[in-house]
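Enquirer: My structure is in entry_33.tsv, and what it holds is TSV, C-alpha atoms and all ligand atoms:
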```tsv
chain	number	residue	atom	x	y	z
X	1	MET	CA	5.67	-18.32	-12.75
X	2	THR	CA	2.00	-17.34	-12.35
X	3	THR	CA	2.46	-16.81	-8.61
X	4	LEU	CA	4.66	-13.81	-9.42
X	5	THR	CA	1.79	-12.10	-11.23
X	6	GLU	CA	-0.63	-12.97	-8.45
X	7	GLU	CA	1.64	-11.42	-5.85
X	8	VAL	CA	2.03	-8.30	-7.93
X	9	MET	CA	-1.73	-7.94	-8.26
X	10	ALA	CA	-2.02	-7.54	-4.48
X	11	ALA	CA	-1.35	-3.83	-4.89
X	12	PRO	CA	-0.55	-1.78	-1.81
X	13	PRO	CA	-2.48	1.39	-0.99
X	14	THR	CA	-1.28	4.67	-2.52
X	15	PRO	CA	0.95	6.34	0.03
X	16	LEU	CA	0.27	10.02	0.58
X	17	ALA	CA	2.96	12.64	0.85
X	18	ARG	CA	3.35	13.83	4.41
X	19	ASP	CA	2.35	17.39	5.21
X	20	ARG	CA	5.21	19.83	5.23
X	21	ALA	CA	5.58	23.48	6.01
X	22	PRO	CA	5.16	25.51	2.83
X	23	ARG	CA	8.29	26.77	1.10
X	24	PRO	CA	8.46	28.95	-2.00
X	25	ALA	CA	10.90	26.46	-3.57
X	26	TRP	CA	9.81	22.91	-4.25
X	27	ILE	CA	9.92	19.81	-6.44
X	28	GLU	CA	6.85	18.79	-8.39
X	29	ILE	CA	6.33	15.12	-9.19
X	30	ASP	CA	3.67	14.56	-11.84
X	31	LEU	CA	2.22	11.15	-11.03
X	32	ARG	CA	-0.12	11.34	-14.06
X	33	GLN	CA	2.91	11.60	-16.34
X	34	LEU	CA	4.60	8.79	-14.40
X	35	ARG	CA	1.61	6.51	-15.03
X	36	ARG	CA	1.56	7.56	-18.70
X	37	ASN	CA	5.28	6.73	-18.98
X	38	PHE	CA	4.72	3.25	-17.55
X	39	GLN	CA	1.85	2.74	-20.03
X	40	LEU	CA	4.03	3.87	-22.95
X	41	ILE	CA	6.81	1.53	-21.85
X	42	ASN	CA	4.34	-1.35	-21.56
X	43	GLN	CA	3.13	-0.63	-25.10
X	44	ALA	CA	6.70	-0.36	-26.40
X	45	LYS	CA	7.87	-3.69	-24.98
X	46	PRO	CA	7.10	-7.23	-26.06
X	47	ARG	CA	4.12	-8.51	-24.04
X	48	GLN	CA	5.90	-11.43	-22.39
X	49	LEU	CA	8.91	-9.34	-21.34
X	50	ARG	CA	8.79	-8.74	-17.58
X	51	HIS	CA	9.68	-5.44	-16.06
X	52	LEU	CA	11.47	-4.80	-12.78
X	53	ALA	CA	11.21	-1.26	-11.38
X	54	VAL	CA	14.43	0.07	-9.85
X	55	VAL	CA	13.38	2.50	-7.10
X	56	LYS	CA	16.74	2.87	-5.33
X	57	ASP	CA	17.72	6.21	-3.78
X	58	GLU	CA	14.05	7.26	-3.41
X	59	ALA	CA	13.42	6.38	-7.05
X	60	TYR	CA	16.19	8.77	-8.10
X	61	GLY	CA	14.78	11.46	-5.84
X	62	HIS	CA	11.13	11.12	-6.93
X	63	GLY	CA	9.99	9.21	-3.82
X	64	ALA	CA	10.29	5.42	-3.70
X	65	LEU	CA	6.74	4.82	-2.44
X	66	PRO	CA	4.76	6.74	-5.08
X	67	VAL	CA	6.98	5.44	-7.90
X	68	ALA	CA	6.75	1.87	-6.61
X	69	THR	CA	2.95	2.26	-6.39
X	70	ALA	CA	2.78	3.32	-10.05
X	71	ALA	CA	5.20	0.53	-11.04
X	72	VAL	CA	3.18	-2.18	-9.31
X	73	ALA	CA	-0.04	-0.81	-10.84
X	74	ALA	CA	1.68	-1.00	-14.26
X	75	GLY	CA	2.50	-4.67	-13.70
X	76	ALA	CA	6.12	-4.59	-12.50
X	77	ALA	CA	7.15	-8.14	-11.61
X	78	PHE	CA	9.77	-6.97	-9.12
X	79	LEU	CA	10.88	-3.84	-7.33
X	80	ALA	CA	14.60	-3.30	-6.77
X	81	VAL	CA	16.56	-1.16	-4.34
X	82	SER	CA	20.19	-0.94	-3.23
X	83	THR	CA	20.02	-1.02	0.55
X	84	LEU	CA	18.30	-3.11	3.19
X	85	GLU	CA	16.81	0.04	4.68
X	86	GLU	CA	15.24	1.00	1.34
X	87	ALA	CA	13.76	-2.48	1.01
X	88	MET	CA	12.36	-2.42	4.53
X	89	ALA	CA	10.77	0.99	3.94
X	90	LEU	CA	8.85	-0.59	1.05
X	91	ARG	CA	7.77	-3.52	3.23
X	92	GLU	CA	6.72	-1.17	6.04
X	93	ALA	CA	4.63	0.84	3.57
X	94	GLY	CA	2.77	-2.37	2.75
X	95	PHE	CA	4.39	-3.46	-0.50
X	96	ARG	CA	4.12	-7.23	-0.87
X	97	SER	CA	5.81	-7.34	-4.28
X	98	ARG	CA	8.99	-9.22	-4.86
X	99	ILE	CA	11.94	-6.99	-3.91
X	100	LEU	CA	15.43	-7.58	-5.29
X	101	ILE	CA	18.29	-5.92	-3.43
X	102	LEU	CA	21.02	-4.98	-5.88
X	103	GLY	CA	24.66	-5.45	-4.95
X	104	ASP	CA	26.14	-7.93	-2.47
X	105	ARG	CA	24.98	-8.28	1.12
X	106	HIS	CA	27.16	-8.31	4.23
X	107	GLU	CA	26.61	-11.31	6.49
X	108	ALA	CA	24.93	-9.09	9.08
X	109	GLU	CA	22.22	-8.12	6.58
X	110	LEU	CA	21.20	-11.66	5.64
X	111	PRO	CA	18.88	-12.45	8.60
X	112	TRP	CA	16.93	-9.30	7.78
X	113	CYS	CA	16.60	-10.34	4.15
X	114	VAL	CA	15.11	-13.68	5.18
X	115	ALA	CA	12.80	-12.12	7.77
X	116	HIS	CA	11.41	-9.55	5.33
X	117	ASN	CA	11.21	-11.79	2.27
X	118	LEU	CA	13.80	-9.82	0.29
X	119	THR	CA	15.62	-11.37	-2.64
X	120	CYS	CA	19.41	-11.25	-2.70
X	121	CYS	CA	21.89	-11.31	-5.55
X	122	LEU	CA	24.62	-13.89	-4.87
X	123	SER	CA	28.21	-13.59	-6.11
X	124	GLU	CA	30.30	-15.78	-3.83
X	125	PRO	CA	30.15	-19.03	-1.86
X	126	ASP	CA	30.29	-17.79	1.75
X	127	THR	CA	27.11	-15.76	1.32
X	128	VAL	CA	25.44	-18.75	-0.33
X	129	ALA	CA	26.29	-20.96	2.65
X	130	ARG	CA	25.26	-18.38	5.22
X	131	LEU	CA	21.96	-17.54	3.52
X	132	ALA	CA	21.17	-21.23	3.05
X	133	GLN	CA	21.76	-21.85	6.75
X	134	LEU	CA	19.48	-18.96	7.76
X	135	ALA	CA	16.78	-20.03	5.31
X	136	ALA	CA	16.91	-23.61	6.60
X	137	ARG	CA	16.68	-22.41	10.18
X	138	ALA	CA	13.61	-20.33	9.25
X	139	GLY	CA	12.09	-23.37	7.53
X	140	GLN	CA	11.93	-21.49	4.23
X	141	ARG	CA	12.98	-21.99	0.63
X	142	VAL	CA	14.47	-18.60	-0.22
X	143	PRO	CA	14.68	-17.46	-3.87
X	144	VAL	CA	18.01	-15.97	-4.98
X	145	HIS	CA	19.47	-14.46	-8.16
X	146	LEU	CA	22.94	-15.31	-9.44
X	147	LYS	CA	24.99	-12.20	-10.20
X	148	ILE	CA	27.32	-12.67	-13.15
X	149	ASN	CA	30.20	-10.27	-13.80
X	150	THR	CA	30.45	-9.84	-17.57
X	151	GLY	CA	32.84	-6.88	-17.50
X	152	MET	CA	31.44	-4.21	-15.20
X	153	ASN	CA	33.72	-5.58	-12.45
X	154	ARG	CA	31.67	-4.37	-9.55
X	155	TYR	CA	29.67	-7.31	-8.27
X	156	GLY	CA	29.29	-10.84	-9.56
X	157	VAL	CA	31.10	-14.07	-10.29
X	158	ARG	CA	33.15	-13.99	-13.51
X	159	TRP	CA	31.12	-15.18	-16.49
X	160	ASN	CA	33.41	-18.14	-17.19
X	161	GLU	CA	33.61	-19.23	-13.55
X	162	THR	CA	29.93	-19.55	-12.62
X	163	LEU	CA	29.66	-23.35	-12.51
X	164	PRO	CA	30.92	-24.08	-8.97
X	165	LEU	CA	28.79	-21.29	-7.50
X	166	VAL	CA	25.67	-22.43	-9.33
X	167	GLN	CA	26.28	-26.03	-8.22
X	168	LYS	CA	26.65	-24.81	-4.66
X	169	ILE	CA	23.38	-22.85	-4.82
X	170	LEU	CA	21.52	-25.77	-6.39
X	171	ALA	CA	22.88	-28.12	-3.73
X	172	GLU	CA	21.30	-26.02	-0.98
X	173	LYS	CA	17.77	-27.30	-0.49
X	174	SER	CA	16.78	-24.10	1.35
X	175	LEU	CA	17.66	-21.92	-1.66
X	176	LEU	CA	15.81	-21.58	-4.94
X	177	LEU	CA	17.81	-20.30	-7.91
X	178	GLU	CA	15.14	-18.05	-9.35
X	179	GLY	CA	17.17	-15.80	-11.64
X	180	ALA	CA	20.51	-14.76	-13.10
X	181	LEU	CA	21.57	-11.25	-13.95
X	182	SER	CA	24.42	-9.12	-15.19
X	183	HIS	CA	24.77	-5.38	-15.67
X	184	PHE	CA	25.95	-3.25	-18.61
X	185	ALA	CA	28.86	-0.84	-18.17
X	186	GLN	CA	27.76	1.10	-21.26
X	187	SER	CA	24.42	0.59	-22.94
X	188	ASP	CA	23.09	4.03	-23.81
X	189	GLU	CA	25.91	5.32	-26.02
X	190	THR	CA	26.12	4.92	-29.78
X	191	GLU	CA	29.20	2.75	-29.24
X	192	LYS	CA	27.87	-0.71	-28.36
X	193	THR	CA	30.98	-2.86	-28.79
X	194	PHE	CA	31.54	-3.49	-25.09
X	195	ALA	CA	27.81	-4.01	-24.45
X	196	ARG	CA	27.80	-6.68	-27.17
X	197	LEU	CA	30.85	-8.33	-25.59
X	198	GLN	CA	29.03	-8.39	-22.24
X	199	LEU	CA	25.96	-9.86	-23.94
X	200	ALA	CA	28.14	-12.57	-25.54
X	201	ARG	CA	29.70	-13.38	-22.16
X	202	PHE	CA	26.25	-13.58	-20.53
X	203	HIS	CA	25.18	-16.02	-23.26
X	204	GLU	CA	28.40	-17.99	-22.74
X	205	ALA	CA	27.70	-18.34	-19.03
X	206	LEU	CA	24.07	-19.36	-19.55
X	207	ASN	CA	24.99	-21.80	-22.33
X	208	GLU	CA	27.65	-23.47	-20.20
X	209	LEU	CA	25.08	-24.02	-17.46
X	210	ALA	CA	22.38	-25.13	-19.89
X	211	ALA	CA	24.78	-27.66	-21.42
X	212	ARG	CA	24.94	-29.30	-18.00
X	213	GLY	CA	21.18	-29.21	-17.62
X	214	LEU	CA	21.30	-26.42	-15.04
X	215	THR	CA	18.57	-23.81	-15.30
X	216	VAL	CA	18.78	-20.37	-13.76
X	217	GLY	CA	15.18	-19.17	-14.11
X	218	LEU	CA	14.61	-15.51	-14.97
X	219	ARG	CA	17.47	-14.07	-16.98
X	220	HIS	CA	17.91	-10.28	-16.88
X	221	LEU	CA	20.64	-8.05	-18.26
X	222	CYS	CA	19.15	-4.76	-19.46
X	223	ASN	CA	18.89	-1.42	-17.72
X	224	SER	CA	17.03	1.45	-19.46
X	225	GLY	CA	19.72	1.92	-22.12
X	226	GLY	CA	19.80	-1.79	-22.93
X	227	PHE	CA	16.01	-1.97	-23.00
X	228	LEU	CA	15.87	0.84	-25.56
X	229	ASP	CA	18.83	-0.01	-27.77
X	230	LEU	CA	19.62	-3.73	-27.36
X	231	PRO	CA	16.40	-5.71	-27.90
X	232	GLU	CA	18.53	-8.82	-28.49
X	233	ALA	CA	19.58	-8.56	-24.82
X	234	HIS	CA	16.08	-8.39	-23.30
X	235	PHE	CA	15.92	-12.04	-22.13
X	236	ASP	CA	13.04	-12.54	-19.62
X	237	MET	CA	13.06	-9.25	-17.72
X	238	VAL	CA	14.43	-5.71	-17.95
X	239	ARG	CA	15.39	-3.51	-15.00
X	240	LEU	CA	14.18	0.05	-15.50
X	241	GLY	CA	15.14	2.92	-13.25
X	242	ILE	CA	15.45	6.21	-15.10
X	243	LEU	CA	13.20	5.55	-18.10
X	244	PRO	CA	9.78	5.49	-16.35
X	245	LEU	CA	10.76	8.81	-14.77
X	246	GLY	CA	10.64	10.21	-18.31
X	247	VAL	CA	14.36	10.83	-18.58
X	248	PHE	CA	16.30	9.09	-21.32
X	249	PRO	CA	19.61	7.65	-20.11
X	250	SER	CA	21.52	9.55	-22.77
X	251	ALA	CA	21.06	11.99	-25.62
X	252	VAL	CA	21.64	9.32	-28.29
X	253	CYS	CA	19.53	6.33	-27.22
X	254	ARG	CA	16.23	5.42	-28.89
X	255	ARG	CA	13.25	7.65	-28.01
X	256	ILE	CA	9.77	6.55	-26.98
X	257	PRO	CA	7.39	9.28	-28.22
X	258	GLY	CA	5.24	10.81	-25.49
X	259	LEU	CA	7.57	9.91	-22.65
X	260	ALA	CA	8.14	13.06	-20.57
X	261	ALA	CA	9.95	14.04	-17.38
X	262	VAL	CA	8.01	13.51	-14.17
X	263	MET	CA	10.09	15.84	-11.97
X	264	SER	CA	10.23	19.64	-12.12
X	265	VAL	CA	11.98	22.04	-9.77
X	266	LYS	CA	10.27	25.35	-9.09
X	267	ALA	CA	10.68	28.45	-6.94
X	268	ARG	CA	9.03	31.84	-6.54
X	269	LEU	CA	10.77	35.20	-7.01
X	270	ALA	CA	11.52	36.08	-3.40
X	271	ALA	CA	13.17	39.49	-3.97
X	272	ILE	CA	13.92	41.86	-6.84
X	273	GLN	CA	16.93	44.20	-6.98
X	274	HIS	CA	17.54	47.12	-9.32
X	275	LEU	CA	21.24	47.32	-10.13
X	276	GLN	CA	23.13	50.41	-11.22
X	277	PRO	CA	26.14	50.15	-13.56
X	278	GLY	CA	29.12	48.89	-11.54
X	279	ASP	CA	26.96	47.11	-8.91
X	280	HIS	CA	27.97	43.52	-8.05
X	281	VAL	CA	25.89	40.44	-7.16
X	282	GLY	CA	26.56	37.82	-4.50
X	283	TYR	CA	29.61	36.23	-2.83
X	284	GLY	CA	32.93	37.08	-4.40
X	285	MET	CA	31.28	39.84	-6.50
X	286	ARG	CA	31.28	37.43	-9.45
X	287	TYR	CA	28.96	39.59	-11.54
X	288	THR	CA	29.19	43.28	-12.27
X	289	ALA	CA	26.36	45.11	-14.00
X	290	ALA	CA	27.51	46.96	-17.13
X	291	ALA	CA	24.15	48.73	-17.40
X	292	PRO	CA	21.03	49.10	-15.26
X	293	ARG	CA	19.72	45.55	-14.57
X	294	ARG	CA	16.79	43.98	-12.81
X	295	ILE	CA	17.75	40.91	-10.77
X	296	ALA	CA	15.43	38.35	-9.14
X	297	VAL	CA	16.40	36.23	-6.14
X	298	LEU	CA	15.18	32.61	-6.13
X	299	PRO	CA	15.17	31.10	-2.62
X	300	LEU	CA	17.07	27.88	-3.33
X	301	GLY	CA	20.75	27.14	-3.85
X	302	TYR	CA	23.45	24.51	-3.76
X	303	GLY	CA	22.15	23.43	-0.35
X	304	ASP	CA	19.09	22.24	-2.25
X	305	GLY	CA	21.09	20.53	-4.96
X	306	PHE	CA	21.36	23.25	-7.58
X	307	PRO	CA	24.87	23.12	-9.09
X	308	ARG	CA	27.26	25.65	-7.53
X	309	VAL	CA	27.88	27.51	-10.80
X	310	ARG	CA	28.77	31.15	-11.51
X	311	ASN	CA	27.14	33.16	-14.28
X	312	GLN	CA	25.89	29.92	-15.88
X	313	GLY	CA	22.48	28.29	-16.12
X	314	TRP	CA	18.97	29.72	-16.23
X	315	ALA	CA	15.51	29.82	-14.74
X	316	LEU	CA	12.31	30.00	-16.80
X	317	ILE	CA	10.14	32.99	-15.91
X	318	HIS	CA	7.05	33.86	-17.95
X	319	GLY	CA	8.17	31.19	-20.41
X	320	ARG	CA	11.56	32.80	-21.08
X	321	ARG	CA	15.10	31.95	-20.02
X	322	ALA	CA	16.49	34.25	-17.33
X	323	PRO	CA	20.26	33.71	-17.02
X	324	VAL	CA	21.86	33.06	-13.64
X	325	VAL	CA	24.12	35.96	-12.64
X	326	GLY	CA	26.77	35.82	-9.93
X	327	GLY	CA	27.55	32.70	-7.92
X	328	VAL	CA	24.92	30.29	-6.62
X	329	SER	CA	24.88	30.41	-2.82
X	330	MET	CA	23.65	27.80	-0.35
X	331	ASP	CA	20.09	29.07	-0.09
X	332	ALA	CA	19.65	31.47	-2.99
X	333	LEU	CA	20.51	32.14	-6.59
X	334	THR	CA	20.09	35.25	-8.69
X	335	VAL	CA	18.80	35.61	-12.24
X	336	ASP	CA	18.66	38.56	-14.62
X	337	ILE	CA	15.05	39.50	-15.43
X	338	THR	CA	15.78	42.77	-17.23
X	339	GLU	CA	14.35	41.30	-20.45
X	340	ILE	CA	11.22	40.03	-18.67
X	341	PRO	CA	9.61	43.29	-17.54
X	342	GLU	CA	6.33	41.64	-16.51
X	343	ALA	CA	8.13	39.47	-13.89
X	344	LYS	CA	7.06	40.45	-10.38
X	345	LEU	CA	7.59	39.36	-6.79
X	346	TRP	CA	6.43	35.76	-6.04
X	347	ASP	CA	5.93	34.82	-9.68
X	348	GLU	CA	6.73	31.18	-10.37
X	349	ALA	CA	10.09	30.24	-11.87
X	350	VAL	CA	11.12	26.84	-13.22
X	351	LEU	CA	14.70	25.65	-12.56
X	352	MET	CA	14.17	22.25	-14.16
X	353	GLY	CA	11.19	21.37	-16.33
X	354	ARG	CA	8.80	23.16	-18.69
X	355	GLN	CA	7.20	26.56	-18.67
X	356	GLY	CA	5.26	27.68	-21.73
X	357	ASP	CA	7.19	26.57	-24.81
X	358	GLU	CA	10.55	26.52	-23.04
X	359	GLU	CA	12.18	23.65	-21.17
X	360	ILE	CA	15.25	23.26	-19.02
X	361	THR	CA	16.02	19.55	-19.20
X	362	VAL	CA	17.79	17.29	-16.75
X	363	HIS	CA	20.53	17.01	-19.38
X	364	ASP	CA	20.91	20.84	-19.50
X	365	ILE	CA	21.62	20.84	-15.77
X	366	ALA	CA	23.88	17.79	-16.07
X	367	GLN	CA	26.02	19.80	-18.49
X	368	LEU	CA	26.29	22.65	-15.98
X	369	LYS	CA	27.77	20.33	-13.38
X	370	ASN	CA	29.74	18.22	-15.83
X	371	SER	CA	27.81	15.15	-14.85
X	372	ALA	CA	25.01	12.82	-15.91
X	373	SER	CA	21.22	13.04	-15.75
X	374	TYR	CA	21.19	10.32	-13.04
X	375	ASP	CA	23.33	12.47	-10.76
X	376	VAL	CA	21.13	15.54	-11.33
X	377	LEU	CA	17.95	13.66	-10.36
X	378	CYS	CA	19.53	12.20	-7.21
X	379	SER	CA	21.18	15.46	-6.16
X	380	TRP	CA	18.03	17.42	-5.26
X	381	ARG	CA	18.06	17.46	-1.49
X	382	GLU	CA	15.45	16.33	0.97
X	383	ARG	CA	14.85	19.87	2.22
X	384	LEU	CA	13.06	20.73	-1.03
X	385	PRO	CA	9.49	19.61	-0.39
X	386	ARG	CA	8.10	17.15	-2.95
X	387	VAL	CA	4.63	18.09	-4.20
X	388	TYR	CA	2.78	15.21	-5.86
X	389	LEU	CA	0.34	15.98	-8.67
X	390	HIS	CA	-2.48	13.44	-8.83
X	391	ASP	CA	-5.39	13.46	-11.31
X	392	GLU	CA	-7.12	16.73	-10.59
X	393	THR	CA	-5.89	17.40	-7.10
X	394	THR	CA	-2.58	18.35	-5.59
X	395	VAL	CA	-1.50	16.71	-2.36
X	401	LIG	C1	20.48	1.24	-11.13
X	401	LIG	C2	20.45	-0.07	-11.79
X	401	LIG	C3	19.55	-0.33	-12.84
X	401	LIG	C4	18.66	0.74	-13.45
X	401	LIG	O1	19.37	1.48	-14.39
X	401	LIG	P1	18.64	2.59	-15.31
X	401	LIG	O2	19.66	2.98	-16.30
X	401	LIG	O3	18.24	3.71	-14.39
X	401	LIG	O4	17.44	1.95	-15.91
X	401	LIG	C5	19.51	-1.62	-13.35
X	401	LIG	N1	20.31	-2.59	-12.86
X	401	LIG	C6	21.20	-2.37	-11.88
X	401	LIG	C7	22.06	-3.48	-11.40
X	401	LIG	C8	21.31	-1.11	-11.31
X	401	LIG	O5	22.21	-0.88	-10.35
```
Would you give me this structure, written as structure tokens?
Ligand SMILES: *Cc1c(COP(=O)(O)O)cnc(C)c1O
Expert:
Amino acid sequence: MTTLTEEVMAAPPTPLARDRAPRPAWIEIDLRQLRRNFQLINQAKPRQLRHLAVVKDEAYGHGALPVATAAVAAGAAFLAVSTLEEAMALREAGFRSRILILGDRHEAELPWCVAHNLTCCLSEPDTVARLAQLAARAGQRVPVHLKINTGMNRYGVRWNETLPLVQKILAEKSLLLEGALSHFAQSDETEKTFARLQLARFHEALNELAARGLTVGLRHLCNSGGFLDLPEAHFDMVRLGILPLGVFPSAVCRRIPGLAAVMSVKARLAAIQHLQPGDHVGYGMRYTAAAPRRIAVLPLGYGDGFPRVRNQGWALIHGRRAPVVGGVSMDALTVDITEIPEAKLWDEAVLMGRQGDEEITVHDIAQLKNSASYDVLCSWRERLPRVYLHDETTV
């Protein structure tokens, strides 16, 4: 498979962030840390193990183009996304890497996949026939990956029913069975019983095919959790989404020392109020001052993706935690800075990330909204400008 590596080496140019009007609330993406994370992952994995970079949903809100650029530079064999539009945005930006589209494709999407050299996952015979027909018409041999359902029950052919589908794919001269994959339902928790069952079923499917002399090419099962905690499930390639972003998929999975979050969320203190005892703050008067208090307003809210909490959560100001008081509104939230007397108008606050010795982690915010780190990363809205930190300069 040397051609894969050759294609990957044809790296696209680094895309630059587009200019945006300044806003005193923003997301910082540290591309130096992103590159470091990819390096650390490369050092932590066996040399021959390939790595596919999952950059769906704008690389979990970090920007698909800059993350894909770093991934390709770090030797990613494939990029993966979830929608045709995401894949085409990568092609339009000049990425010539292999691109796998996760999930199943509707018939209407298939001509686009062929035209833009996108690799589909196949789960059922009608799509096989349709894609084969389109590939033949285009005079191409189109690579495809077989999706095997080992227990997630989203996409894929059941692990013990793969044979007819594989035979159908192999019978189509315009298709090339390049890979086979499955996906873990739970890989980053301490409890690994179901993951091991899925691994056993994946082996069962591959063994059944191998016994008939049928080869599937690249086998890949692991996401970030599986990569960290289930080395026996690595096969030929691992699919990493959250890990290169410096966020561990859970609190209990194995750690790679030095890996650190790439994304921070920041805002400046846009107003300061001096409360008297009995004064309230915000909609619904959810907070009442028991004593004189100094309150800072940060100009971002649930409309930017901050959880709509009341009297919960914090911002870091001068390296200390300032608790959120009152309810978070659409465009603003309020924090108590009484204990931070040096805080002044337009000072920088950190809503997610580090300041001094303190850190508010993605997992801290996930707890606030009763959700997972993945959801927190993807929830920051487009209206927060992304600021990309390069080597010495800021774009
Ligand atoms: C999103 C996704 C991944 C990446 O998962 P992470 O836990 O972020 O590494 C891998 N495989 C499939 C099929 C996915 O949908």
Enquirer: From the list X:His318, X:Arg293, X:His183, X:Arg286, which residue is nearest ligand LIG 401 (chain X) when using only C-alpha atoms and all ligand atoms?
Expert: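 Looking only at the distances to ligand LIG 401 (chain X), the closest residue turns out to be X:His183.
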Enquirer: Do you have the CA of Leu316 in chain X-CA of Ala349 in chain X distance handy?
Expert: 5.4 Å
Enquirer: Give me the chain X side of the contact with ligand LIG 401 (chain X), cut-off 7 Å, one line per residue showing its nearest atom pair and distance in Å at one decimal, counting only C-alpha atoms and all ligand atoms, sorted by chain and residue number, as a tab-separated table.
Expert:
```
residue	atom	partner	partner_atom	distance
X:Val54	CA	X:LIG401	C4	5.6
X:Leu102	CA	X:LIG401	C7	5.8
X:His183	CA	X:LIG401	C7	5.4
X:Cys222	CA	X:LIG401	C5	6.9
X:Asn223	CA	X:LIG401	O4	4.1
X:Ser224	CA	X:LIG401	O4	3.6
X:Gly225	CA	X:LIG401	O2	5.9
X:Arg239	CA	X:LIG401	C5	4.8
X:Leu240	CA	X:LIG401	O4	3.8
X:Gly241	CA	X:LIG401	O3	3.4
X:Ile242	CA	X:LIG401	O3	3.8
X:Leu243	CA	X:LIG401	O4	6.0
X:Pro249	CA	X:LIG401	O2	6.0
```
Enquirer: Selection from above, C-alpha atoms, as an mmCIF file, in the coordinates of the input, can you write it?
Expert:
```cif
data_model
loop_
_atom_site.group_PDB
_atom_site.id
_atom_site.type_symbol
_atom_site.label_atom_id
_atom_site.label_comp_id
_atom_site.auth_asym_id
_atom_site.auth_seq_id
_atom_site.Cartn_x
_atom_site.Cartn_y
_atom_site.Cartn_z
ATOM 1 C CA VAL X 54 14.430 0.070 -9.850
ATOM 2 C CA LEU X 102 21.020 -4.980 -5.880
ATOM 3 C CA HIS X 183 24.770 -5.380 -15.670
ATOM 4 C CA CYS X 222 19.150 -4.760 -19.460
ATOM 5 C CA ASN X 223 18.890 -1.420 -17.720
ATOM 6 C CA SER X 224 17.030 1.450 -19.460
ATOM 7 C CA GLY X 225 19.720 1.920 -22.120
ATOM 8 C CA ARG X 239 15.390 -3.510 -15.000
ATOM 9 C CA LEU X 240 14.180 0.050 -15.500
ATOM 10 C CA GLY X 241 15.140 2.920 -13.250
ATOM 11 C CA ILE X 242 15.450 6.210 -15.100
ATOM 12 C CA LEU X 243 13.200 5.550 -18.100
ATOM 13 C CA PRO X 249 19.610 7.650 -20.110
#
```
Enquirer: Just checking: using only C-alpha atoms, which residue out of X:Arg255, X:His274, X:Arg308, X:His116 ends up closest to Glu92 in chain X?
Expert: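 Closest residue, counting only C-alpha atoms: X:His116.
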Enquirer: Can you tell me which residues surround Thr334 in chain X at a distance of at most 8 Å, considering only C-alpha atoms, apart from same-chain residues fewer than 3 positions away, and format the answer as a list of chain:residue names?
Expert: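 Once the nearby chain positions are removed, what remains is X:Val281, X:Ile295, X:Ala296, X:Val297, X:Leu298, X:Val324, X:Val325, X:Gly326, X:Gly327, X:Val328.
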Enquirer: Identify which of the residues X:Glu109, X:Phe202, X:Ala93, X:Gly246 lies closest to Phe38 in chain X, counting all atoms listed in the file when measuring atom-to-atom distances.
Expert: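 Between X:Glu109, X:Phe202, X:Ala93, X:Gly246, the residue approaching Phe38 in chain X most closely is X:Gly246.
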Enquirer: I'd like the neighbourhood of His363 in chain X as number ranges by chain, where a residue qualifies if any of its atoms comes within 10 Å (using all atoms listed in the file), though same-chain residues fewer than 6 positions away should be ignored.
Expert: X: 247-251, 352, 369-374, 376-377
Enquirer: Which residue, X:Ala129, X:Ala135, X:Leu176, X:Leu275, has the smallest gap to Thr288 in chain X when you use only C-alpha atoms?
Expert: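 Of all the options, X:Leu275 lies closest to Thr288 in chain X.
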Enquirer: Pick the closest to Pro125 in chain X from X:Val387, X:Asn149, X:Lys168, X:Gln140: which is it, counting only C-alpha atoms?
Expert: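 For Pro125 in chain X, the nearest of the given residues is X:Lys168.
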Enquirer: Compare X:Glu189, X:Glu85, X:Arg310, X:Val350 by their minimum atom-to-atom distance to Met285 in chain X, counting all atoms listed in the file, and give me the closest one.
Expert: X:Arg310
Enquirer: Once you count all atoms listed in the file, which residues end up no further than 12 Å from (33.3, -5.7, -9.3) in the file's frame, shown as an mmCIF file with C-alpha atoms, in the coordinates of the input?
Expert:
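Once everything was written out, this is out.cif:
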```cif
data_model
loop_
_atom_site.group_PDB
_atom_site.id
_atom_site.type_symbol
_atom_site.label_atom_id
_atom_site.label_comp_id
_atom_site.auth_asym_id
_atom_site.auth_seq_id
_atom_site.Cartn_x
_atom_site.Cartn_y
_atom_site.Cartn_z
ATOM 1 C CA GLY X 103 24.660 -5.450 -4.950
ATOM 2 C CA ASP X 104 26.140 -7.930 -2.470
ATOM 3 C CA SER X 123 28.210 -13.590 -6.110
ATOM 4 C CA GLU X 124 30.300 -15.780 -3.830
ATOM 5 C CA LYS X 147 24.990 -12.200 -10.200
ATOM 6 C CA ILE X 148 27.320 -12.670 -13.150
ATOM 7 C CA ASN X 149 30.200 -10.270 -13.800
ATOM 8 C CA THR X 150 30.450 -9.840 -17.570
ATOM 9 C CA GLY X 151 32.840 -6.880 -17.500
ATOM 10 C CA MET X 152 31.440 -4.210 -15.200
ATOM 11 C CA ASN X 153 33.720 -5.580 -12.450
ATOM 12 C CA ARG X 154 31.670 -4.370 -9.550
ATOM 13 C CA TYR X 155 29.670 -7.310 -8.270
ATOM 14 C CA GLY X 156 29.290 -10.840 -9.560
ATOM 15 C CA VAL X 157 31.100 -14.070 -10.290
ATOM 16 C CA ARG X 158 33.150 -13.990 -13.510
ATOM 17 C CA SER X 182 24.420 -9.120 -15.190
ATOM 18 C CA HIS X 183 24.770 -5.380 -15.670
ATOM 19 C CA ALA X 185 28.860 -0.840 -18.170
#
```
Enquirer: Set the distance at 8 Å and use all atoms listed in the file: which residues neighbour Asn117 in chain X once local chain neighbours fewer than 6 positions away are removed? I'd like the list as a PyMOL selection string.
Expert: chain X and resi 98-99+142
